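Heads up, the thing below is written out as structure tokens.
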Amino acid sequence: MRSQAPAVAGAVLSGAPLKRTAFLSVLGSAAALGGTGLPALAQSGPKILVGYWPVAAALPFFVADKNGYFKDAGVDVELVKFADQVKVTEALLAGRINASATGTGSTQLALAEIAQPDFFKILAANLSSDKSVLDEVIVAKDAPYKKISDLKGKKLATGVGPQAMIEAKIVFGKNGLDTESIQELAPAQHIAAIASGQIDAAYTYEPNGTVGTLNGTTRILEAGVRSHYLLGNPAAPWYGGAAVVTTDLIKSNPAAIKKYIAGMKRGFIDVRRNIDGARVAYESYTTFDKKLAEAIPPISYTIYDEFKPSDVQYFQDNFDLFYAQKIFTRKLDLKSMLYTA
């Protein structure tokens, strides 16, 4: 079962620790905490509330929920929809949800971990690369640009928040572009902004590349840019999003967590074995129509017990980059953040 968190402003929870408040000021408006429309959770409660935002990378959770895999595993799970990944993380930190689906920004989650150490454990992560396309730079369909460096002097945009801005500055900067005037725009506005001439290019995420291609408005100039420019290897996995569960729930109800993971894993198995069949779930949880759902590129995932040492290192490189950029106030140890059965 899924529900939607209404966009209603509210006040910061009274008595919230200073670290939480500091975290919220980094992510954005702390007032969004009170706007989820959800009751505060008893950590031992029988229902697991899983926050998600309607993006391509959350597909395994859509599949698991739609096909009743959580119910089959004997656990009561509700997917709760939010407008963006920042609001998912805010609600998680505020105790209004117990877990997040894949697609929730790993940098946003890391900020929560810094604010409240040992706050959650990572159950799975979605990755992008030159073959698992989640990130890209898009331009107008008929624009003359052949490579990112051709965008010198042009109007550039990225998504909202520190993760998107840092990533965009590195991607564009390594191609010799001026990064001081990059605009922050909600990803949903990127295609229209290019079509109207407001911007010339955007560092963006799927499904924007697919949407623009299908409607003949934009084209992908380069895909897999985080692996290429942030890790220095187009084939390397950039773990940009993750599914997590709070440590409190793991400790208070380990039996429910094991059932939750069993249902979750069935969703990942379906996505890996039958992507065409899995894509049907998009229509129930996102605004993707059938044509778009069928065209979105397959996404790769790594579950907590599948991480190889090289995967852990690449994920660690992700976190170390944001520490070096002073977005993180302390270094994080990725390996200690992975769930262990």
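Chain lettering (A, B, ...) mirrors the order of the structure tokens, residue numbering begins at 1 for each chain separately, and ligand numbering begins at 1 in order of display.
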Counting only C-alpha atoms, give me one row per residue of region 235-300 of chain A with an atom at most 8 Å from an atom of region 93-102 of chain A, showing the shortest contact pair and its distance in Å to one decimal, sorted by chain then residue number, as a tab-separated table.
residue	atom	partner	partner_atom	distance
A:Gly241	CA	A:Thr102	CA	5.8
A:Ala242	CA	A:Thr102	CA	4.6
A:Ala243	CA	A:Thr102	CA	4.3
A:Val244	CA	A:Ser100	CA	5.3
A:Val245	CA	A:Ala99	CA	4.2
A:Thr246	CA	A:Asn98	CA	5.8
A:Leu249	CA	A:Asn98	CA	7.1
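Using only C-alpha atoms, the protein and nucleic acid residues lying no more than 7 Å from region 103-114 of chain A, apart from those fewer than 2 places from it along its own chain, are Phe23, Tyr52, Val55, Ala57, Ala58, Gln85, Val86, Thr89, Leu93, Ser100, Ala101, Gln116, Pro117, Asp118, Phe119, Asn126, Gln163, Gly240, Gly241, Ala242, Ala243 and Phe328 of chain A.
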#### Entry: Contact residues around Ser149 (chain A) with only C-alpha atoms at 7 Å, ignoring same-chain residues under 3 positions, as number ranges by chain
A: 152, 175-177
#### Entry: Selection near Arg273 (chain A), 12 Å with only C-alpha atoms, sequence-local residues under 5 positions removed, as a ChimeraX atom specification
/A:60,266-268,278-279,298,300
Atoms kept (N, CA and C atoms) for selection, written as an mmCIF file, in the first residue's frame:
data_model
loop_
_atom_site.group_PDB
_atom_site.id
_atom_site.type_symbol
_atom_site.label_atom_id
_atom_site.label_comp_id
_atom_site.auth_asym_id
_atom_site.auth_seq_id
_atom_site.Cartn_x
_atom_site.Cartn_y
_atom_site.Cartn_z
ATOM 1 N N PRO A 60 12.724 -1.267 -8.023
ATOM 2 C CA PRO A 60 12.588 -2.531 -7.279
ATOM 3 C C PRO A 60 11.567 -2.465 -6.140
ATOM 4 N N ARG A 266 13.044 -9.712 -3.584
ATOM 5 C CA ARG A 266 12.228 -10.222 -4.690
ATOM 6 C C ARG A 266 11.987 -9.137 -5.735
ATOM 7 N N GLY A 267 11.855 -7.884 -5.287
ATOM 8 C CA GLY A 267 11.710 -6.779 -6.229
ATOM 9 C C GLY A 267 12.947 -6.605 -7.084
ATOM 10 N N PHE A 268 14.118 -6.704 -6.465
ATOM 11 C CA PHE A 268 15.367 -6.585 -7.218
ATOM 12 C C PHE A 268 15.532 -7.744 -8.198
ATOM 13 N N ALA A 278 8.931 -5.660 -15.202
ATOM 14 C CA ALA A 278 9.064 -4.817 -14.013
ATOM 15 C C ALA A 278 8.652 -3.385 -14.290
ATOM 16 N N ARG A 279 8.940 -2.896 -15.488
ATOM 17 C CA ARG A 279 8.651 -1.486 -15.817
ATOM 18 C C ARG A 279 7.168 -1.145 -15.703
ATOM 19 N N PRO A 298 17.644 0.443 -18.392
ATOM 20 C CA PRO A 298 17.769 -0.400 -17.197
ATOM 21 C C PRO A 298 18.805 0.184 -16.237
ATOM 22 N N SER A 300 21.298 -0.464 -12.774
ATOM 23 C CA SER A 300 21.970 -1.502 -12.000
ATOM 24 C C SER A 300 21.917 -1.179 -10.508
#
### Task
Take CA of Phe172 (chain A) and CA of Asp333 (chain A) and report the distance between them in Å, one decimal.
28.1 Å
### Message
Can you tell me which residues surround region 212-224 of chain A at a distance of at most 9 Å, considering only C-alpha atoms, apart from same-chain residues fewer than 4 positions away, and format the answer as number ranges by chain?
### Response
A: 128-143, 145-148, 191-192, 194-195, 201, 207-208, 228-229, 234-235, 238, 291-292, 295
### Message
Please compute the CA of Tyr239 (chain A)-CA of Tyr285 (chain A) distance, one decimal, in Å.
### Response
22.7 Å
### Message
as a PyMOL selection string, please: every residue in region 30-198 of chain A that DSSP puts in strand (DSSP E).
### Response
chain A and resi 47-52+76-81+99-100+104-105+120-128+135-140+156-158+183-184
Print the selection's residues with C-alpha atoms to a file, as a short mmCIF file (atom, residue, chain, number, x, y, z; two decimals), in the first residue's frame.
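Below is the file that was written, again.cif:
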data_model
loop_
_atom_site.label_atom_id
_atom_site.label_comp_id
_atom_site.auth_asym_id
_atom_site.auth_seq_id
_atom_site.Cartn_x
_atom_site.Cartn_y
_atom_site.Cartn_z
CA LYS A 47 4.18 -1.13 9.96
CA ILE A 48 7.33 -0.09 8.08
CA LEU A 49 6.91 3.23 6.25
CA VAL A 50 9.22 3.55 3.26
CA GLY A 51 9.78 7.01 1.79
CA TYR A 52 10.37 7.38 -1.93
CA ASP A 76 3.26 -4.64 6.77
CA VAL A 77 4.91 -2.08 4.47
CA GLU A 78 3.59 1.22 3.13
CA LEU A 79 5.33 3.27 0.46
CA VAL A 80 5.07 7.00 1.14
CA LYS A 81 5.59 9.41 -1.74
CA ALA A 99 13.25 3.52 5.59
CA SER A 100 13.94 4.87 2.14
CA THR A 104 17.19 8.61 -2.40
CA GLY A 105 20.39 10.61 -2.77
CA PHE A 120 20.75 3.96 9.48
CA LYS A 121 22.14 1.02 7.56
CA ILE A 122 22.31 0.70 3.77
CA LEU A 123 20.26 -2.17 2.32
CA ALA A 124 20.94 -1.49 -1.38
CA ALA A 125 22.28 1.19 -3.68
CA ASN A 126 21.57 2.23 -7.25
CA LEU A 127 24.55 2.98 -9.41
CA SER A 128 25.22 4.92 -12.57
CA ASP A 135 22.81 10.92 -15.02
CA GLU A 136 23.49 12.95 -18.14
CA VAL A 137 23.99 16.37 -19.69
CA ILE A 138 21.16 17.31 -22.04
CA VAL A 139 20.86 20.04 -24.67
CA ALA A 140 18.28 21.11 -27.27
CA LEU A 156 24.00 25.92 -17.52
CA ALA A 157 21.70 24.39 -14.91
CA THR A 158 21.59 21.55 -12.43
CA GLN A 183 21.49 27.77 -12.05
CA GLU A 184 19.62 25.53 -9.61
#
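Proximity ranking of A:Ala115, A:Ala193, A:Asp289, A:Phe82 relative to Leu332 (chain A) places A:Ala115 first, based on only C-alpha atoms.
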### Near-Lys331 (chain A) list (10 Å; only C-alpha atoms; drop same-chain fewer than 4 positions) as number ranges by chain
A: 110, 114, 316, 319-324
### Message
If DSSP is run on the backbone, what residues of region 48-177 of chain A are alpha helix (DSSP H)? A reply as JSON, numbers by chain would be ideal.
### Response
{"A": [59, 60, 61, 62, 63, 64, 65, 66, 69, 70, 71, 72, 73, 85, 86, 87, 88, 89, 90, 91, 92, 93, 94, 106, 107, 108, 109, 110, 111, 112, 113, 114, 115, 162, 163, 164, 165, 166, 167, 168, 169, 170, 171, 172, 173]}
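Using only C-alpha atoms, the nearest neighbour of Pro237 (chain A) within the list A:Val171, A:Ile299, A:Val280, A:Leu334 is A:Ile299.
For the residues A:Gln198, A:Asp65, A:Gln189, A:Thr204, ranking by smallest atom-to-atom distance to Ala168 (chain A) using only C-alpha atoms places A:Thr204 first.
Comparing A:Gly197, A:Pro187, A:Gly173, A:Gly232 by their smallest distance to Lys155 (chain A), the closest is A:Gly197 (using only C-alpha atoms).
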